[in-house]
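Structure file coords34.pdb; described as PDB, C-alpha atoms.
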```pdb
ATOM      1  CA  MET F   1       0.000   0.000   0.000
ATOM      2  CA  PHE F   2       1.244   3.463  -0.900
ATOM      3  CA  VAL F   3      -1.650   5.729   0.098
ATOM      4  CA  ARG F   4      -4.765   5.178   2.189
ATOM      5  CA  THR F   5      -7.693   7.614   2.088
ATOM      6  CA  GLU F   6     -11.010   7.437   3.912
ATOM      7  CA  ARG F   7     -12.479   4.915   1.425
ATOM      8  CA  LEU F   8      -9.666   3.973  -0.957
ATOM      9  CA  THR F   9      -6.236   2.409  -1.145
ATOM     10  CA  LEU F  10      -3.684   3.395  -3.778
ATOM     11  CA  ARG F  11      -1.518   0.323  -4.185
ATOM     12  CA  ARG F  12       0.680  -1.601  -6.560
ATOM     13  CA  PHE F  13      -1.080  -3.569  -9.306
ATOM     14  CA  THR F  14      -1.224  -7.369  -9.029
ATOM     15  CA  THR F  15      -2.021  -9.997 -11.654
ATOM     16  CA  ALA F  16      -5.398 -10.468  -9.941
ATOM     17  CA  ASP F  17      -6.337  -6.994 -11.226
ATOM     18  CA  ALA F  18      -6.124  -7.934 -14.909
ATOM     19  CA  GLU F  19      -9.781  -8.815 -15.444
ATOM     20  CA  ALA F  20     -11.172  -5.636 -13.834
ATOM     21  CA  PHE F  21      -8.474  -3.572 -15.575
ATOM     22  CA  ALA F  22      -9.442  -5.050 -18.973
ATOM     23  CA  ALA F  23     -13.129  -4.433 -18.254
ATOM     24  CA  TYR F  24     -12.950  -0.713 -17.534
ATOM     25  CA  ARG F  25     -10.274  -0.012 -20.132
ATOM     26  CA  SER F  26     -12.489  -1.762 -22.710
ATOM     27  CA  ASP F  27     -15.315   0.705 -22.127
ATOM     28  CA  PRO F  28     -15.401   3.031 -25.182
ATOM     29  CA  ASP F  29     -16.640   5.930 -23.036
ATOM     30  CA  ILE F  30     -13.653   5.526 -20.689
ATOM     31  CA  ALA F  31     -11.179   5.163 -23.586
ATOM     32  CA  ARG F  32     -12.564   8.152 -25.523
ATOM     33  CA  TYR F  33     -10.050  10.705 -24.188
ATOM     34  CA  GLN F  34      -7.319   8.233 -23.218
ATOM     35  CA  SER F  35      -4.252   7.075 -25.139
ATOM     36  CA  TRP F  36      -5.502   3.513 -25.639
ATOM     37  CA  ASP F  37      -8.232   2.076 -27.841
ATOM     38  CA  ALA F  38     -11.077  -0.094 -26.586
ATOM     39  CA  PRO F  39     -11.430  -2.977 -26.208
ATOM     40  CA  LEU F  40      -8.390  -4.062 -24.214
ATOM     41  CA  PRO F  41      -7.943  -7.837 -24.613
ATOM     42  CA  LEU F  42      -7.446  -9.757 -21.368
ATOM     43  CA  ALA F  43      -4.038 -11.094 -22.486
ATOM     44  CA  GLU F  44      -2.852  -7.525 -23.056
ATOM     45  CA  ALA F  45      -4.306  -6.449 -19.704
ATOM     46  CA  VAL F  46      -2.385  -9.252 -17.953
ATOM     47  CA  GLN F  47       0.819  -8.062 -19.599
ATOM     48  CA  LYS F  48       0.126  -4.420 -18.608
ATOM     49  CA  VAL F  49      -0.642  -5.142 -14.943
ATOM     50  CA  GLU F  50       2.467  -7.328 -14.691
ATOM     51  CA  GLU F  51       4.484  -4.434 -16.133
ATOM     52  CA  PHE F  52       2.835  -1.977 -13.709
ATOM     53  CA  ALA F  53       3.570  -4.313 -10.779
ATOM     54  CA  GLN F  54       7.310  -4.070 -11.522
ATOM     55  CA  GLY F  55       7.354  -0.252 -11.475
ATOM     56  CA  ASP F  56       9.097   1.908  -8.903
ATOM     57  CA  PRO F  57       7.079   4.938  -7.718
ATOM     58  CA  ALA F  58      10.283   6.706  -6.639
ATOM     59  CA  ALA F  59      12.024   6.322 -10.025
ATOM     60  CA  PRO F  60      11.669   8.774 -12.934
ATOM     61  CA  GLY F  61       8.996   7.833 -15.445
ATOM     62  CA  TRP F  62       5.415   6.636 -15.250
ATOM     63  CA  PHE F  63       4.158   4.649 -12.280
ATOM     64  CA  GLN F  64       0.608   3.335 -12.312
ATOM     65  CA  TYR F  65      -1.249   3.151  -8.979
ATOM     66  CA  ALA F  66      -4.197   0.772  -8.638
ATOM     67  CA  VAL F  67      -7.232   2.481  -7.066
ATOM     68  CA  ASP F  68      -8.768  -0.083  -4.716
ATOM     69  CA  LEU F  69     -12.179   0.099  -3.011
ATOM     70  CA  ASP F  70     -12.647  -2.697  -0.471
ATOM     71  CA  GLY F  71     -10.463  -5.084  -2.469
ATOM     72  CA  VAL F  72     -11.970  -4.175  -5.861
ATOM     73  CA  LEU F  73      -9.945  -2.404  -8.570
ATOM     74  CA  ILE F  74     -12.011   0.615  -9.647
ATOM     75  CA  GLY F  75      -9.428   2.610 -11.597
ATOM     76  CA  ASP F  76      -5.846   3.769 -11.786
ATOM     77  CA  LEU F  77      -3.732   6.871 -11.366
ATOM     78  CA  GLY F  78      -0.567   7.479 -13.345
ATOM     79  CA  LEU F  79       2.259   9.664 -12.091
ATOM     80  CA  ASN F  80       5.099  10.532 -14.441
ATOM     81  CA  LEU F  81       7.969  11.563 -12.162
ATOM     82  CA  ASP F  82      10.446  13.892 -13.835
ATOM     83  CA  GLU F  83      14.173  13.092 -13.936
ATOM     84  CA  ASN F  84      14.737  15.899 -11.408
ATOM     85  CA  LEU F  85      12.456  14.087  -8.897
ATOM     86  CA  MET F  86      10.824  17.423  -8.037
ATOM     87  CA  GLN F  87       7.904  17.528 -10.449
ATOM     88  CA  ALA F  88       5.480  15.128 -12.068
ATOM     89  CA  GLU F  89       2.607  14.777 -14.500
ATOM     90  CA  LEU F  90      -0.690  13.225 -13.377
ATOM     91  CA  GLY F  91      -3.215  11.064 -15.210
ATOM     92  CA  PHE F  92      -6.295   9.184 -13.985
ATOM     93  CA  THR F  93      -8.918   6.681 -15.072
ATOM     94  CA  LEU F  94     -11.967   5.474 -13.163
ATOM     95  CA  ALA F  95     -14.411   2.724 -14.128
ATOM     96  CA  SER F  96     -17.756   4.211 -15.169
ATOM     97  CA  ALA F  97     -19.673   2.279 -12.485
ATOM     98  CA  TYR F  98     -17.726   4.218  -9.829
ATOM     99  CA  GLN F  99     -17.911   7.694 -11.334
ATOM    100  CA  GLY F 100     -19.957  10.449  -9.759
ATOM    101  CA  ARG F 101     -19.343   9.317  -6.178
ATOM    102  CA  GLY F 102     -16.228  11.335  -5.373
ATOM    103  CA  TYR F 103     -13.802   8.418  -5.705
ATOM    104  CA  ALA F 104     -11.640  10.032  -8.385
ATOM    105  CA  THR F 105     -11.399  13.263  -6.401
ATOM    106  CA  GLU F 106     -10.516  11.319  -3.248
ATOM    107  CA  ALA F 107      -7.881   9.233  -5.045
ATOM    108  CA  VAL F 108      -6.242  12.253  -6.686
ATOM    109  CA  ARG F 109      -6.228  14.193  -3.393
ATOM    110  CA  GLY F 110      -4.675  11.201  -1.646
ATOM    111  CA  LEU F 111      -1.898  11.002  -4.221
ATOM    112  CA  LEU F 112      -1.349  14.779  -4.106
ATOM    113  CA  ASP F 113      -1.067  14.616  -0.311
ATOM    114  CA  ASP F 114       1.592  11.947  -0.743
ATOM    115  CA  VAL F 115       3.637  13.744  -3.393
ATOM    116  CA  PHE F 116       3.416  17.208  -1.843
ATOM    117  CA  ILE F 117       3.501  16.426   1.897
ATOM    118  CA  GLU F 118       5.511  13.196   2.133
ATOM    119  CA  ARG F 119       7.694  13.391  -0.984
ATOM    120  CA  LYS F 120       7.839  17.201  -1.139
ATOM    121  CA  LEU F 121       7.525  17.544  -4.915
ATOM    122  CA  HIS F 122       7.498  21.152  -6.141
ATOM    123  CA  ARG F 123       4.896  20.866  -8.927
ATOM    124  CA  VAL F 124       2.399  18.507 -10.534
ATOM    125  CA  SER F 125       0.965  19.124 -13.993
ATOM    126  CA  ALA F 126      -1.816  17.530 -15.997
ATOM    127  CA  GLU F 127      -3.352  17.931 -19.412
ATOM    128  CA  CYS F 128      -6.589  16.777 -20.929
ATOM    129  CA  ASP F 129      -8.627  17.006 -24.087
ATOM    130  CA  ALA F 130     -10.635  20.240 -23.870
ATOM    131  CA  ARG F 131     -13.848  18.255 -24.478
ATOM    132  CA  ASN F 132     -13.180  16.182 -21.354
ATOM    133  CA  THR F 133     -14.991  18.560 -19.030
ATOM    134  CA  ALA F 134     -15.307  15.997 -16.214
ATOM    135  CA  SER F 135     -11.523  15.643 -15.970
ATOM    136  CA  ALA F 136     -11.016  19.405 -16.158
ATOM    137  CA  ARG F 137     -13.536  19.928 -13.336
ATOM    138  CA  LEU F 138     -11.836  17.266 -11.210
ATOM    139  CA  LEU F 139      -8.447  18.944 -11.649
ATOM    140  CA  GLU F 140      -9.893  22.328 -10.681
ATOM    141  CA  ARG F 141     -11.728  20.788  -7.708
ATOM    142  CA  VAL F 142      -8.462  19.508  -6.204
ATOM    143  CA  GLY F 143      -6.686  22.837  -6.714
ATOM    144  CA  PHE F 144      -5.123  22.784 -10.182
ATOM    145  CA  GLU F 145      -5.113  26.013 -12.167
ATOM    146  CA  GLN F 146      -5.701  26.016 -15.901
ATOM    147  CA  GLU F 147      -2.462  27.380 -17.295
ATOM    148  CA  GLY F 148      -3.110  27.140 -20.978
ATOM    149  CA  LEU F 149      -5.072  26.011 -23.986
ATOM    150  CA  ARG F 150      -3.308  24.627 -27.044
ATOM    151  CA  LEU F 151      -5.718  24.877 -29.975
ATOM    152  CA  SER F 152      -5.821  22.012 -32.447
ATOM    153  CA  ASN F 153      -2.593  20.724 -30.914
ATOM    154  CA  SER F 154      -2.883  16.929 -30.842
ATOM    155  CA  TRP F 155      -3.702  14.519 -33.644
ATOM    156  CA  PHE F 156      -5.679  12.082 -31.542
ATOM    157  CA  LYS F 157      -7.785   9.150 -32.679
ATOM    158  CA  GLY F 158      -8.209  10.551 -36.172
ATOM    159  CA  GLU F 159      -8.873  14.207 -35.374
ATOM    160  CA  TRP F 160      -7.174  17.376 -34.188
ATOM    161  CA  THR F 161      -7.974  18.148 -30.567
ATOM    162  CA  ASP F 162      -7.472  21.080 -28.218
ATOM    163  CA  ASP F 163      -5.413  20.469 -25.063
ATOM    164  CA  LEU F 164      -6.060  22.047 -21.668
ATOM    165  CA  LEU F 165      -2.929  22.462 -19.531
ATOM    166  CA  PHE F 166      -3.110  22.451 -15.734
ATOM    167  CA  GLY F 167      -0.571  22.954 -12.968
ATOM    168  CA  LEU F 168      -0.428  22.861  -9.190
ATOM    169  CA  LEU F 169       2.433  24.062  -7.002
ATOM    170  CA  ARG F 170       3.197  22.516  -3.626
ATOM    171  CA  SER F 171       3.029  25.960  -1.998
ATOM    172  CA  ASP F 172      -0.501  26.515  -3.352
ATOM    173  CA  TYR F 173      -1.684  23.016  -2.427
ATOM    174  CA  LEU F 174      -0.471  23.391   1.162
ATOM    175  CA  SER F 175      -1.871  26.911   1.680
TER     176      SER F 175
END
```
How would this structure read if it were set down as structure tokens?
Amino acid sequence: MFVRTERLTLRRFTTADAEAFAAYRSDPDIARYQSWDAPLPLAEAVQKVEEFAQGDPAAPGWFQYAVDLDGVLIGDLGLNLDENLMQAELGFTLASAYQGRGYATEAVRGLLDDVFIERKLHRVSAECDARNTASARLLERVGFEQEGLRLSNSWFKGEWTDDLLFGLLRSDYLS
């Protein structure tokens, strides 16, 4: 276990997570603004969770946290730790059955508490497709500021998309 919140545990992935992981990442509505395409075959999900399980959250690069509710995988958070170990980029995914109940907000806040209070990172950034209003609202809810809009910036799933850029400083999060 890495982080415990009131209702959730952010932990390392295990091979037992593969089926739930494949299920929510196969949902076209969940995949719409994400870097993968649905469906996610179970064999590929097994390979991904095994890869995630080997990650080191303290090493530069992406680390994927399993979001666990009472022993059930309900989503994941990705943290891309910079080489300087002082800043990171955040990503998140939550199964549709668990959306709208505050779980994503709670998970992100738990991870931000860890990186800003325990690990003392200076800054966390995030970006999302401008059409992904739910993700933008979540980022604002936990304290991120919209820092920019890149118009028609990304060629994504067959179309040009606008990117919203967000940032959060440790000093602002702790104030």
Near region 10-29 of chain F, 8 Å: region 59-142 of chain F residue rows, closest pairs, only C-alpha atoms, as a tab-separated table:
```
residue	atom	partner	partner_atom	distance
F:Gln64	CA	F:Arg12	CA	7.6
F:Tyr65	CA	F:Arg11	CA	5.6
F:Ala66	CA	F:Arg11	CA	5.2
F:Val67	CA	F:Leu10	CA	4.9
F:Asp68	CA	F:Leu10	CA	6.2
F:Leu73	CA	F:Ala20	CA	6.3
F:Ile74	CA	F:Ala20	CA	7.6
F:Gly75	CA	F:Phe21	CA	7.4
F:Leu94	CA	F:Tyr24	CA	7.6
F:Ala95	CA	F:Tyr24	CA	5.1
F:Ser96	CA	F:Tyr24	CA	7.3
F:Ala107	CA	F:Leu10	CA	7.3
F:Leu111	CA	F:Leu10	CA	7.8
```
- List the residues selected by the PyMOL selection byres ((chain F and resi 143) around 8) in the file shown, writing them as a list in words.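 On the file shown, the PyMOL selection byres ((chain F and resi 143) around 8) covers Leu139, Glu140, Arg141, Val142, Phe144, Glu145, Leu168, Asp172 and Tyr173 of chain F.
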- Across F:Asp162, F:Asp37, F:Phe63, F:Glu6, the smallest distance to Ala88 (chain F), with only C-alpha atoms counted, is shown by F:Phe63
- Message: Could you list, as JSON, numbers by chain, every residue matched by the PyMOL selection byres ((chain F and resi 131) around 9) in this structure?
- Response: {"F": [33, 128, 129, 130, 132, 133, 134, 136, 161, 162, 163]}
Edge lengths and centre in Å to one decimal, as JSON, of the axis-aligned box that encloses all listed atoms of region 83-95 of chain F with 6 Å added on every side?
```
{"center_x": 0.2, "center_y": 10.1, "center_z": -11.6, "size_x": 41.1, "size_y": 26.8, "size_z": 19.2}
```
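Using the PyMOL selection byres ((chain F and resi 101-104) around 9) on this structure selects Arg7, Leu8, Val67, Leu69, Ile74, Gly75, Phe92, Thr93, Leu94, Tyr98, Gln99, Gly100, Thr105, Glu106, Ala107, Val108, Arg109 and Leu138 of chain F.
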Output C-alpha atoms for every residue in that selection, as a PDB file, in the frame of the given file.
```
ATOM      1  CA  ARG F   7     -12.479   4.915   1.425  1.00  0.00           C
ATOM      2  CA  LEU F   8      -9.666   3.973  -0.957  1.00  0.00           C
ATOM      3  CA  VAL F  67      -7.232   2.481  -7.066  1.00  0.00           C
ATOM      4  CA  LEU F  69     -12.179   0.099  -3.011  1.00  0.00           C
ATOM      5  CA  ILE F  74     -12.011   0.615  -9.647  1.00  0.00           C
ATOM      6  CA  GLY F  75      -9.428   2.610 -11.597  1.00  0.00           C
ATOM      7  CA  PHE F  92      -6.295   9.184 -13.985  1.00  0.00           C
ATOM      8  CA  THR F  93      -8.918   6.681 -15.072  1.00  0.00           C
ATOM      9  CA  LEU F  94     -11.967   5.474 -13.163  1.00  0.00           C
ATOM     10  CA  TYR F  98     -17.726   4.218  -9.829  1.00  0.00           C
ATOM     11  CA  GLN F  99     -17.911   7.694 -11.334  1.00  0.00           C
ATOM     12  CA  GLY F 100     -19.957  10.449  -9.759  1.00  0.00           C
ATOM     13  CA  THR F 105     -11.399  13.263  -6.401  1.00  0.00           C
ATOM     14  CA  GLU F 106     -10.516  11.319  -3.248  1.00  0.00           C
ATOM     15  CA  ALA F 107      -7.881   9.233  -5.045  1.00  0.00           C
ATOM     16  CA  VAL F 108      -6.242  12.253  -6.686  1.00  0.00           C
ATOM     17  CA  ARG F 109      -6.228  14.193  -3.393  1.00  0.00           C
ATOM     18  CA  LEU F 138     -11.836  17.266 -11.210  1.00  0.00           C
TER      19      LEU F 138
END
```
- Item | F:Leu42, F:Leu121, F:Leu174, F:Ala126 ranked by distance to Glu89 (chain F), top pick (using all atoms listed in the file) |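 For Glu89 (chain F), the nearest of the given residues is F:Ala126.
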- Task: Mind listing whatever residues come within 12 Å of the point (14.0, 12.7, -11.2)? Use all atoms listed in the file, file coordinates, and give them as a ChimeraX atom specification.
- Result: /F:57-62,80-88,121-122
- Message: Please report the interatomic distance between CA of Trp36 (chain F) and CA of Lys48 (chain F) in Å with one decimal.
- Response: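 Distance between the two atoms: 12.0 Å.
Closest approach to Leu169 (chain F) among F:Ile117, F:Ala45, F:Leu112, F:Val124: F:Val124, based on all atoms listed in the file.
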- What would the list of residues within 9 Å of (-3.1, 25.6, -17.3) (file frame) look like as a list of chain:residue names, if only C-alpha atoms are what count?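 The distance filter leaves exactly F:Ser125, F:Ala126, F:Glu127, F:Phe144, F:Glu145, F:Gln146, F:Glu147, F:Gly148, F:Leu149, F:Leu164, F:Leu165, F:Phe166, F:Gly167, F:Leu168.
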- Message: Counting only C-alpha atoms, which residue out of F:Asp76, F:Asp56, F:Glu44, F:Asp113 sits closest to Thr5 (chain F)?
- Response: F:Asp113
- Query: Of the candidates F:Ile30, F:Leu77, F:Leu40, F:Gln54, which one gets nearest to Thr9 (chain F) if we count all atoms listed in the file?
  - Reply: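 Selected residue with least distance to Thr9 (chain F): F:Leu77.
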- Query: At what distance in Å, to one decimal, does CA of Arg4 (chain F) lie from CA of Gly110 (chain F)?
  - Reply: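 Pair CA of Gly110 (chain F) / CA of Arg4 (chain F) returns 7.1 Å.
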- Rounded to one decimal in Å, what is the spacing between CA of Gly158 (chain F) and CA of Gly91 (chain F)?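 These two atoms are separated by 21.6 Å.
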- Query: So which one's closest to Ser135 (chain F), F:Glu118, F:Phe156, F:Leu90, F:Gly71? Using all atoms listed in the file, please.
  - Reply: F:Leu90
